[in-house]
Amino acid sequence: MTEMQTTDGRVPETAHVTFPDGRYGRRRTPRRRRPAVTAILTIGVVAAGLVAAWRLTELYGQNEVSERLLGFDDSVPGQVTVEFEVYKPAGEGATCAVRSRDLAGAEIGYAEVEIPADDATHVEMAYTLAVEGQPNTGEVLRCWQAD
């Protein structure tokens, strides 16, 4: 580290710098910190995040009904047979959204399939969906518990 020197080679005695009055504006005095306000705001933001996470989990999470696509058959013109399995609580029904799309990705068939309430927890279904065009896929979008 080098020492600061003046033009005539002298080293100043103090390292404190004073600026000319009015040249750089008014110097601000340090503000008092408020840790209580910061702590309260932090706790409030964390609490709001936890409430939002809990509410979204209640609305959208932990679905008791799940589905799995087993296959589809689009060999017959004008229809697609979608084969899928559903896992649901015993004694309760379910509803599944089934659709078909063409090569461009446009939806050409859609239906909501009712699965009756019975004692089975695992149901295999084959649903024939009418389509308007040349199908490329058969899909099960989602399943939910029947009302």
# chains A, B, ... in the order shown; residues from 1 in each chain; ligands from 1
call {"tool": "residues_around", "arguments": {"residues": "Asp118 of chain A", "least_positions_apart": "4", "cutoff": "10 Å", "atoms": "only C-alpha atoms", "output": "VMD selection string"}}
result
chain A and resid 88 to 93 123
call {"tool": "select_by_dssp", "arguments": {"residues": "segment 2-129 of chain A", "states": "helix (DSSP H, G or I)", "output": "list in words"}}
result
Pro35, Ala36, Val37, Thr38, Ala39, Ile40, Leu41, Thr42, Ile43, Gly44, Val45, Val46, Ala47, Ala48, Gly49, Leu50, Val51, Ala52, Ala53, Trp54, Arg55, Leu56, Thr57, Glu58, Leu59 and Tyr60 of chain A
call {"tool": "closest_residue", "arguments": {"among": "A:Tyr24, A:Thr95, A:Gln134, A:Val80", "to": "Val65 of chain A", "atoms": "only C-alpha atoms"}}
result
A:Thr95
call {"tool": "closest_residue", "arguments": {"among": "A:Leu50, A:Val98, A:Val37, A:Val45", "to": "Thr137 of chain A", "atoms": "only C-alpha atoms"}}
result
A:Val98
call {"tool": "atom_distance", "arguments": {"atom1": "atom CA of Arg142 of chain A", "atom2": "atom CA of Asn63 of chain A"}}
result
10.3 Å
call {"tool": "atom_distance", "arguments": {"atom1": "atom CA of Gln79 of chain A", "atom2": "atom CA of Glu124 of chain A"}}
result
19.3 Å
call {"tool": "closest_residue", "arguments": {"among": "A:Asn136, A:Thr38, A:Thr18, A:Thr29", "to": "Ala106 of chain A", "atoms": "only C-alpha atoms"}}
result
A:Asn136
call {"tool": "select_by_dssp", "arguments": {"residues": "chain A", "states": "strand (DSSP E)", "output": "number ranges by chain"}}
result
A: 66-73, 79-87, 94-101, 107-115, 122-130, 137-145
call {"tool": "closest_residue", "arguments": {"among": "A:Arg34, A:Val86, A:Thr81, A:Gln145", "to": "Ala130 of chain A", "atoms": "only C-alpha atoms"}}
result
A:Thr81
call {"tool": "closest_residue", "arguments": {"among": "A:Glu67, A:Asp102, A:Glu58, A:Glu139", "to": "Ile115 of chain A", "atoms": "only C-alpha atoms"}}
result
A:Glu67
